[in-house]
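See below for the structure under consideration.
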Amino acid sequence: MRQLNVFCEGQTEQVFCAQVLQPHLFPAGDGIVHTLAVGEKDHRHVYGIGTRTKYERVRKFIRNTIKQRQGANVYFTTFFDLYALPSNFPGKASNTRDPANPTPYALALQTALEKDITSHRFIAHVQLHEYETMLFADPEAFAIVFENCAEEIQRLQEIAASEVTIEHIDDGPDTAPSKRIIRVLPQYRGRKSTAGPDIAEYIGIPKIQSACNHFDRWLTRLESIQWD
């Protein structure tokens with residue numbers, strides 16, 4: 001069976017891969033998306049890599065997993081947030097992010113990561129700038145999880161409309177996508193691993209692709225894998 005292994009930052013990304021990504025990539029049931037969490041919890045039970053998980057540990061885990069899982073129909077990818085990546089993550093020292101055009105920076109980091117991992121079965125992805133970016137593709141979808149939130153939805157819509165694209169919502173400690181959502185809807189903090197994937201599923205992959213060019217580029221690469 002075709003197998004796509006996704007190295008995820010935490011539970012939210014893992015649930016998204018199982019709930020949303022797998023049905024999209026393998027609608028006929030001829031493949032499976034298998035997730036592996038590489039992030040660790042902080043004191044607030046928030047998963048991530050960076051200060052909590054060093055790149056050396058991530059690199060060793062990825063390379064060992066690729067060696068252990070052989071086969072022409074076994075591929076690997078990452079679902080890491082650009083937000084709070086380790087300072088020694090491949091490409092960070094030699095590239096600078098332009099807030100007005102963040103995509104080239106993310107692409108440079110992906111290229112550097114693929115070069116460091118060195119496997120033709122490995123496709124790197126660094127999310128601009130967090131998982132929660134995708135949820136701004138249609139803030140009205142928050143209503144499927146949170147009751148009586150029309151005012152909050154309007155505020156989220158205003159945030160989305162204030163940027164060139166939602167992938168321009170930056171990675172500041174107080175202004176990253178998840179931080180903005182939590183400021184508007186504090187209850188999202190404790191429910192993100194279930195609410196996040198539910199909202200994304202309701203929005204749908206096509207709408208997310210349309211709003212997130214960098215995410216679309218990743219999905220197109222995954223769709224283009226030459227399975228045997």
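Every chain in the structure tokens has a letter given in the order shown (A, B, ...), and although residue numbers restart at 1 in each chain, ligands are simply numbered from 1 in the order shown.
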Against region 73-96 of chain A, which residues of region 10-35 of chain A fall within 9 Å? For each one I want the closest pair of atoms and the distance in Å (one decimal), counting only C-alpha atoms, rows by chain and increasing residue number, as CSV.
residue,atom,partner,partner_atom,distance
A:Gly10,CA,A:Phe80,CA,8.9
A:Glu13,CA,A:Phe79,CA,7.0
A:Gln14,CA,A:Phe79,CA,8.9
Give me a file of those residues, with N, CA and C atoms, as a compact mmCIF listing (two decimals), in the first residue's frame.
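So part_14.txt came out as:
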# COMPACT_ATOMS: atom_id res chain seq x y z
N GLY A 10 3.02 18.63 16.02
CA GLY A 10 2.22 18.28 17.18
C GLY A 10 0.91 17.63 16.80
N GLU A 13 -1.55 19.07 13.86
CA GLU A 13 -1.14 18.69 12.51
C GLU A 13 -1.39 17.21 12.24
N GLN A 14 -1.18 16.38 13.26
CA GLN A 14 -1.42 14.95 13.09
C GLN A 14 -2.89 14.65 12.78
Polymer residues at most 12 Å from Cys149 (chain A), only C-alpha atoms, same-chain spacing of 6 or more positions, as a VMD selection string: chain A and resid 139 to 143 155 to 156 184 to 188
Filtering to N, CA and C atoms, could you give me those residues as an mmCIF file, in the first residue's frame?
data_model
loop_
_atom_site.group_PDB
_atom_site.id
_atom_site.type_symbol
_atom_site.label_atom_id
_atom_site.label_comp_id
_atom_site.auth_asym_id
_atom_site.auth_seq_id
_atom_site.Cartn_x
_atom_site.Cartn_y
_atom_site.Cartn_z
ATOM 1 N N PRO A 139 -13.085 32.260 7.918
ATOM 2 C CA PRO A 139 -13.376 32.377 9.349
ATOM 3 C C PRO A 139 -14.796 31.989 9.738
ATOM 4 N N GLU A 140 -15.728 32.040 8.799
ATOM 5 C CA GLU A 140 -17.099 31.648 9.129
ATOM 6 C C GLU A 140 -17.176 30.190 9.583
ATOM 7 N N ALA A 141 -16.187 29.398 9.220
ATOM 8 C CA ALA A 141 -16.173 27.986 9.606
ATOM 9 C C ALA A 141 -16.011 27.798 11.114
ATOM 10 N N PHE A 142 -15.552 28.818 11.815
ATOM 11 C CA PHE A 142 -15.416 28.710 13.271
ATOM 12 C C PHE A 142 -16.772 28.477 13.930
ATOM 13 N N ALA A 143 -17.833 28.841 13.249
ATOM 14 C CA ALA A 143 -19.178 28.684 13.811
ATOM 15 C C ALA A 143 -19.582 27.224 13.968
ATOM 16 N N ARG A 155 -14.274 39.711 13.472
ATOM 17 C CA ARG A 155 -12.926 40.188 13.820
ATOM 18 C C ARG A 155 -11.858 39.358 13.107
ATOM 19 N N LEU A 156 -12.073 38.048 13.006
ATOM 20 C CA LEU A 156 -11.127 37.194 12.277
ATOM 21 C C LEU A 156 -11.123 37.532 10.785
ATOM 22 N N VAL A 184 -8.967 36.461 20.024
ATOM 23 C CA VAL A 184 -10.368 36.682 19.673
ATOM 24 C C VAL A 184 -11.265 35.614 20.298
ATOM 25 N N LEU A 185 -10.805 34.363 20.268
ATOM 26 C CA LEU A 185 -11.563 33.226 20.801
ATOM 27 C C LEU A 185 -10.678 32.465 21.787
ATOM 28 N N PRO A 186 -10.583 32.912 23.042
ATOM 29 C CA PRO A 186 -9.687 32.275 24.014
ATOM 30 C C PRO A 186 -9.920 30.780 24.181
ATOM 31 N N GLN A 187 -11.148 30.320 23.958
ATOM 32 C CA GLN A 187 -11.450 28.903 24.131
ATOM 33 C C GLN A 187 -10.782 28.020 23.085
ATOM 34 N N TYR A 188 -10.285 28.616 22.014
ATOM 35 C CA TYR A 188 -9.585 27.831 20.995
ATOM 36 C C TYR A 188 -8.315 27.205 21.575
#
Nearest-residue call for Val33 (chain A), choices A:Ile169, A:Ala176, A:Leu222, A:Ile181, using only C-alpha atoms: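 The answer is A:Leu222, which sits nearest to Val33 (chain A).
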Pick from A:Glu147, A:Asp138, A:Asp174, A:Glu163 nearest to Gln209 (chain A), counting only C-alpha atoms: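 Nearest to Gln209 (chain A): A:Asp138.
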Of the listed residues A:Trp227, A:Ile208, A:Asn101, A:Ala200, that which approaches Gln3 (chain A) most closely, counting only C-alpha atoms: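 That would be A:Trp227, the residue with the smallest distance to Gln3 (chain A).
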For CA of Pro99 (chain A) and CA of Asp170 (chain A), the interatomic separation in Å (one decimal):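 Going from CA of Pro99 (chain A) over to CA of Asp170 (chain A), I get 7.3 Å.
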Per-residue DSSP, region 39-214 of chain A, filtered to alpha helix (DSSP H), as a PyMOL selection string: chain A and resi 55-68+103-117+150-161+177-184+192-203+205-211+213-214
Filtered DSSP result for region 30-113 of chain A, state strand (DSSP E), as a PyMOL selection string: chain A and resi 31-37+40-41+47-48+74-81
Nearest candidate to Leu219 (chain A) (options A:His125, A:Arg189, A:Arg69, A:Arg97; using only C-alpha atoms):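 For Leu219 (chain A), the nearest of the candidates is A:His125.
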All residues 10 Å or closer to Arg63 (chain A), only C-alpha atoms, same chain fewer than 3 positions away omitted, as a list in words: Val58, Arg59, Lys60, Ile66, Lys67, Gln68, Asp116, Ile117, Thr118, Ser119 and Phe122 of chain A
For Val38 (chain A): contacts at 7 Å, only C-alpha atoms, fewer than 2 positions along chain excluded, given as a list in words: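 Near neighbours after the sequence-gap exclusion: Phe7, Cys8, Glu9, Leu36, Glu40 and Val58 of chain A.
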Computed interatomic separation between CA of Ser193 (chain A) and CA of Trp218 (chain A) (Å):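 Separation of CA of Ser193 (chain A) and CA of Trp218 (chain A): 21.7 Å.
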Nearest to Ile182 (chain A) by atom-to-atom distance, counting only C-alpha atoms, from A:Gln226, A:Glu132, A:Glu201, A:Ile144: A:Glu132
For Asn213 (chain A), the nearest of the candidates A:Ala100, A:Leu4, A:Ile166, A:Val145, counting only C-alpha atoms: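 For Asn213 (chain A), the nearest of the given residues is A:Ile166.
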Long-range neighbours of Leu107 (chain A) as a ChimeraX atom specification, 9 Å cut-off, only C-alpha atoms, 5 positions minimum in chain: /A:102,112,125-126,214
I need the residues from that last selection saved to file as a compact mmCIF listing (two decimals), in the first residue's frame (with C-alpha atoms), if you can.
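Saved the output as result_16.txt:
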# COMPACT_ATOMS: atom_id res chain seq x y z
CA PRO A 102 7.79 35.50 2.93
CA ALA A 112 18.11 23.35 2.71
CA HIS A 125 7.34 21.56 3.89
CA VAL A 126 7.52 24.57 6.21
CA HIS A 214 2.60 28.01 -0.42
